[in-house]
Amino acid sequence: MAEASVRVVVVDDHSIFRSGLKADLDASIDVVGEAHDVESALAVVVETAPDVVLLDVHLPGLAVPAGSTGGAEVIRRAAPELPATRFLALSVSDKAEDVVGVIRAGARGYITKGSSGGEVSRAVHAVATGDAVFSPKLAGFVLDAFGAAVGETAVAGDELDRLSAREQEVMRLIARGYAYKEVAAELFISVKTVETHVSAVLRKLQLSSRHELTAWATARRLL
Amino acid sequence: MSTAPAAGDDRVVPRLARPRDCVATGVAAGLAEHLGWPVALVRLGFALTSLVGGAGLLLYLWLWALTPWQPGEQAPKRRAPVAWILLAAAAVPLGLAAVSGGPPTGGPAWFWPALAGVGLIVAASAWAGFLDRPDADRGPRHEFAVRIVATVALALVAVVIVFGPAASEAPRPAFAVALAAVAGIALVYAPTLVTRFRELSEERTRRIREEQRSEIAAHLHDSVLQTLALIQNRAGATSEVARIARAQERELREWLFAGDAVPDRDLGAELREVAAVLEIEYPVSVDVVVVGEQRERASGELAAASREAMLNAARHAGGEVSVYVEGRPDAVEVFVRDRGEGFSLEDVPADRLGVRQSIVGRMRRAGGEAEVGPGVGGVGTQVRLRMPAAAPGEGGTRG
């Protein structure tokens, strides 16, 4: 890939996972720091100001409030100081509520730890350029949580609690395992437009007050 | 106690066992059958020998304790209301004690009869609690009634002793009997207390086990699952090692989260299971995403067609397979998508005719529809299955 080098900090409490991930990432990704818990993550992230933080959902830390996760806590505290830094959540396909918690704290996407180095690298590049990264499972969750499966559709463009018809189509295709490029080809729209829709959905996921978002996640352990 | 025929007798001696349908304990009936005597004679024998220093009574108790029930399934049925008989019997020594309230000559005459009465009452409630309880014809209501009567009777005994003339005439024996009566009340409720205690300790054991399990789960989550994930992404998605790691991860996660909900056999659960099996057997990684309400049964035609499509994808394409299930109010849709060579129905090789038959034909017969075509951008194959909610025949709605 001819993309510019992306500066990344890897935060995970397992050193074996960090070193494995570092070895697997593309050459275009420059790991500038590592951290193993909430406190060290905050220190390293603030010091190095990376483009992307690869963040484990579950992190040990002294000041993680109940009901939250270490990953969400890092985002909540570091994001205000570093508006240019994006966060990408990594997880061993955890409980949906935790993943949604990290997204709502401000992560730009979520991928499972089972993803290959190439997939993680692509996701890092996507997040670095401001795009959102959705796994099929996260897309499935979004469809469910916003009531798309039972036919709820937003009528106004700025509605936060429901998805527009187009957004639903995009999410359905992602849930079916389509890459953004394939979604674009299927819907006869540009990749850029797909990215816009995904970002809009991410924004709704972060801002919506729909109570089903958390209730649903708790009731079903999808991820 | 042998089943061999007795010498010079063609009668087979039955094994000594108590019949399940009995008067009180089945000892007399069982013994009579074993010896070949009339039951009445056995009973009379017990009664007469009891007069000789209680020998018959001891023998009866000994046989009762050691003789097994006749083999069978149903709970023993006792025809005689033994608990009530014992309660009634308690009235005799108690009445005796009441009338023999004369001046003490070497100890009060009422002492032993009163004690015997208390003992009989306790025996009655123990009988009701332990022996009559499993009998469906008597059950808890009978036990409750016996207990109430026993409690009232014991309380009366205690009150009469303490406030009657006996307390001043012979304080020590009176105290002993009153104590026995109060202790008797406690014993009346002992069966319940024992049961409660057992339940309580079982509950505690379960809680401890649950705590341990979640501790183990947390630990495994932090260590083993992470390692399995690492193995998968280092080994490449379709390698043997990664497949084994993925299968293990799935199994482990299922075990970790098993305590939360009984897995419902709906379409989504079924397809997830199919995916797990395919991943072990073929070099493939199957991602199953389920959205919406799951009304479709795991045994329906849609599930069968989906399984077939997934098997095809795993067998002929391999690599990454995506399965998407969406349950909408009007229909259930399943998409199975692979990234293999791809094929079209027109030039299906002979060995893949199964697709036409088992997927397309099956769905049509069941009132649904199926499309098999190339994946988006010409990569791989995509199978789309759709089953309307009110489909006739198989694959209908549930609940």
# chains A, B, ... in the order shown; residues from 1 in each chain; ligands from 1
$ interface_residues --of "chain B" --to "chain A" --cutoff "6 Å" --atoms "only C-alpha atoms" --output "PyMOL selection string"
chain B and resi 229+232-233+289+291-292+322+324+328
$ residues_around --residues "Val323 (chain B)" --least-positions-apart "4" --cutoff "8 Å" --atoms "only C-alpha atoms" --output "PDB file with N, CA and C atoms, in the first residue's frame"
ATOM      1  N   ARG A 176     -23.796  -8.995   6.109  1.00  0.00           N
ATOM      2  CA  ARG A 176     -23.681 -10.186   5.267  1.00  0.00           C
ATOM      3  C   ARG A 176     -22.240 -10.446   4.852  1.00  0.00           C
ATOM      4  N   GLY A 177     -21.312  -9.668   5.357  1.00  0.00           N
ATOM      5  CA  GLY A 177     -19.901  -9.925   5.110  1.00  0.00           C
ATOM      6  C   GLY A 177     -19.318  -9.152   3.940  1.00  0.00           C
TER       7      GLY A 177
ATOM      8  N   VAL B 286     -16.384 -19.505   9.408  1.00  0.00           N
ATOM      9  CA  VAL B 286     -17.773 -19.118   9.149  1.00  0.00           C
ATOM     10  C   VAL B 286     -18.212 -18.080  10.168  1.00  0.00           C
ATOM     11  N   ASP B 287     -18.669 -16.950   9.668  1.00  0.00           N
ATOM     12  CA  ASP B 287     -19.136 -15.877  10.541  1.00  0.00           C
ATOM     13  C   ASP B 287     -20.663 -15.841  10.465  1.00  0.00           C
ATOM     14  N   VAL B 288     -21.332 -16.069  11.582  1.00  0.00           N
ATOM     15  CA  VAL B 288     -22.794 -16.087  11.569  1.00  0.00           C
ATOM     16  C   VAL B 288     -23.309 -14.846  12.289  1.00  0.00           C
ATOM     17  N   VAL B 289     -24.097 -14.053  11.597  1.00  0.00           N
ATOM     18  CA  VAL B 289     -24.704 -12.869  12.211  1.00  0.00           C
ATOM     19  C   VAL B 289     -26.212 -13.049  12.195  1.00  0.00           C
ATOM     20  N   MET B 310     -24.494 -23.806   3.525  1.00  0.00           N
ATOM     21  CA  MET B 310     -23.246 -23.602   4.271  1.00  0.00           C
ATOM     22  C   MET B 310     -22.270 -24.738   3.997  1.00  0.00           C
ATOM     23  N   VAL B 334     -32.142 -15.760   4.835  1.00  0.00           N
ATOM     24  CA  VAL B 334     -30.810 -16.253   5.157  1.00  0.00           C
ATOM     25  C   VAL B 334     -29.913 -16.030   3.952  1.00  0.00           C
ATOM     26  N   PHE B 335     -28.761 -15.410   4.185  1.00  0.00           N
ATOM     27  CA  PHE B 335     -27.768 -15.242   3.122  1.00  0.00           C
ATOM     28  C   PHE B 335     -26.538 -16.049   3.476  1.00  0.00           C
ATOM     29  N   VAL B 336     -26.071 -16.830   2.507  1.00  0.00           N
ATOM     30  CA  VAL B 336     -24.812 -17.542   2.711  1.00  0.00           C
ATOM     31  C   VAL B 336     -23.896 -17.126   1.585  1.00  0.00           C
ATOM     32  N   ARG B 337     -22.742 -16.640   1.961  1.00  0.00           N
ATOM     33  CA  ARG B 337     -21.889 -16.039   0.953  1.00  0.00           C
ATOM     34  C   ARG B 337     -20.464 -16.570   1.122  1.00  0.00           C
TER      35      ARG B 337
END
$ select_by_dssp --residues "region 156-314 of chain B" --states "strand (DSSP E or B)" --output "PDB file with N, CA and C atoms, in the first residue's frame"
ATOM      1  N   ASP B 266     -33.365 -22.175  18.145  1.00  0.00           N
ATOM      2  CA  ASP B 266     -33.960 -21.466  17.030  1.00  0.00           C
ATOM      3  C   ASP B 266     -32.995 -21.524  15.850  1.00  0.00           C
ATOM      4  N   VAL B 284     -12.181 -23.590   6.753  1.00  0.00           N
ATOM      5  CA  VAL B 284     -13.115 -22.507   6.503  1.00  0.00           C
ATOM      6  C   VAL B 284     -13.358 -21.765   7.817  1.00  0.00           C
ATOM      7  N   SER B 285     -13.639 -20.472   7.693  1.00  0.00           N
ATOM      8  CA  SER B 285     -14.057 -19.759   8.899  1.00  0.00           C
ATOM      9  C   SER B 285     -15.417 -19.138   8.612  1.00  0.00           C
ATOM     10  N   VAL B 286     -16.384 -19.505   9.408  1.00  0.00           N
ATOM     11  CA  VAL B 286     -17.773 -19.118   9.149  1.00  0.00           C
ATOM     12  C   VAL B 286     -18.212 -18.080  10.168  1.00  0.00           C
ATOM     13  N   ASP B 287     -18.669 -16.950   9.668  1.00  0.00           N
ATOM     14  CA  ASP B 287     -19.136 -15.877  10.541  1.00  0.00           C
ATOM     15  C   ASP B 287     -20.663 -15.841  10.465  1.00  0.00           C
ATOM     16  N   VAL B 288     -21.332 -16.069  11.582  1.00  0.00           N
ATOM     17  CA  VAL B 288     -22.794 -16.087  11.569  1.00  0.00           C
ATOM     18  C   VAL B 288     -23.309 -14.846  12.289  1.00  0.00           C
ATOM     19  N   VAL B 289     -24.097 -14.053  11.597  1.00  0.00           N
ATOM     20  CA  VAL B 289     -24.704 -12.869  12.211  1.00  0.00           C
ATOM     21  C   VAL B 289     -26.212 -13.049  12.195  1.00  0.00           C
ATOM     22  N   VAL B 290     -26.831 -12.863  13.340  1.00  0.00           N
ATOM     23  CA  VAL B 290     -28.271 -13.080  13.454  1.00  0.00           C
ATOM     24  C   VAL B 290     -28.933 -11.777  13.884  1.00  0.00           C
ATOM     25  N   VAL B 291     -29.951 -11.373  13.167  1.00  0.00           N
ATOM     26  CA  VAL B 291     -30.637 -10.122  13.453  1.00  0.00           C
ATOM     27  C   VAL B 291     -32.134 -10.388  13.534  1.00  0.00           C
ATOM     28  N   GLY B 292     -32.777  -9.687  14.427  1.00  0.00           N
ATOM     29  CA  GLY B 292     -34.233  -9.745  14.491  1.00  0.00           C
ATOM     30  C   GLY B 292     -34.737 -10.898  15.321  1.00  0.00           C
ATOM     31  N   ARG B 297     -38.008 -22.379  13.251  1.00  0.00           N
ATOM     32  CA  ARG B 297     -37.529 -23.519  14.017  1.00  0.00           C
ATOM     33  C   ARG B 297     -36.222 -24.058  13.437  1.00  0.00           C
TER      34      ARG B 297
END
$ residues_around --residues "Leu163 (chain A)" --least-positions-apart "3" --cutoff "8 Å" --atoms "only C-alpha atoms" --output "number ranges by chain"
A: 146, 148, 152-154, 159-160, 166-168, 201
$ write_last_selection --atoms "C-alpha atoms" --output "PDB file, in the first residue's frame"
ATOM      1  CA  PHE A 146     -32.254   0.382  16.013  1.00  0.00           C
ATOM      2  CA  ALA A 148     -34.457  -2.126  11.564  1.00  0.00           C
ATOM      3  CA  GLU A 152     -38.529   0.974  11.910  1.00  0.00           C
ATOM      4  CA  THR A 153     -37.150   3.530   9.514  1.00  0.00           C
ATOM      5  CA  ALA A 154     -36.106   7.115  10.090  1.00  0.00           C
ATOM      6  CA  GLU A 159     -33.212  11.425  13.532  1.00  0.00           C
ATOM      7  CA  LEU A 160     -30.890   9.801  16.043  1.00  0.00           C
ATOM      8  CA  ARG A 166     -30.146   3.671   2.987  1.00  0.00           C
ATOM      9  CA  GLU A 167     -28.238   3.207   6.198  1.00  0.00           C
ATOM     10  CA  GLN A 168     -30.158   0.009   6.810  1.00  0.00           C
ATOM     11  CA  VAL A 201     -24.551   5.172  11.741  1.00  0.00           C
TER      12      VAL A 201
END
$ atom_distance --atom1 "CA of Glu73 (chain B)" --atom2 "CA of Arg18 (chain B)"
13.7 Å
$ closest_residue --among "A:Thr69, A:Ile103, A:Val124, A:Pro60" --to "Val10 (chain A)" --atoms "only C-alpha atoms"
A:Val124
$ select_by_dssp --residues "region 43-206 of chain B" --states "alpha helix (DSSP H)" --output "VMD selection string"
chain B and resid 43 to 51 55 to 66 82 to 99 111 to 126 139 to 163 166 to 169 171 to 188 190 to 206
$ residues_around --residues "Gly318 (chain B)" --least-positions-apart "5" --cutoff "9 Å" --atoms "only C-alpha atoms" --output "list of chain:residue names"
B:Thr238, B:Tyr282, B:Pro283, B:Val284, B:Ser285, B:Ala313, B:Asp338, B:Arg339, B:Gly340
$ atom_distance --atom1 "CA of Glu169 (chain A)" --atom2 "CA of Val383 (chain B)"
17.7 Å
$ residues_around --residues "region 131-133 of chain A" --least-positions-apart "3" --cutoff "8 Å" --atoms "only C-alpha atoms" --output "VMD selection string"
chain A and resid 108 to 111 123 126 to 128 195 to 196 198 to 199 202
$ write_last_selection --atoms "C-alpha atoms" --output "PDB file, in the first residue's frame"
ATOM      1  CA  ARG A 108     -14.288   4.739  15.704  1.00  0.00           C
ATOM      2  CA  GLY A 109     -14.770   1.047  15.248  1.00  0.00           C
ATOM      3  CA  TYR A 110     -14.435  -2.430  16.550  1.00  0.00           C
ATOM      4  CA  ILE A 111     -12.664  -5.549  15.299  1.00  0.00           C
ATOM      5  CA  ALA A 123      -8.885  -1.130   9.796  1.00  0.00           C
ATOM      6  CA  ALA A 126      -9.517   3.326   7.630  1.00  0.00           C
ATOM      7  CA  VAL A 127      -9.861   4.737  11.126  1.00  0.00           C
ATOM      8  CA  ALA A 128      -6.830   7.014  10.610  1.00  0.00           C
ATOM      9  CA  GLU A 195     -18.193   5.511   4.289  1.00  0.00           C
ATOM     10  CA  THR A 196     -20.415   8.510   4.888  1.00  0.00           C
ATOM     11  CA  VAL A 198     -21.259   4.115   8.053  1.00  0.00           C
ATOM     12  CA  SER A 199     -19.968   7.217   9.827  1.00  0.00           C
ATOM     13  CA  LEU A 202     -21.561   5.309  14.079  1.00  0.00           C
TER      14      LEU A 202
END
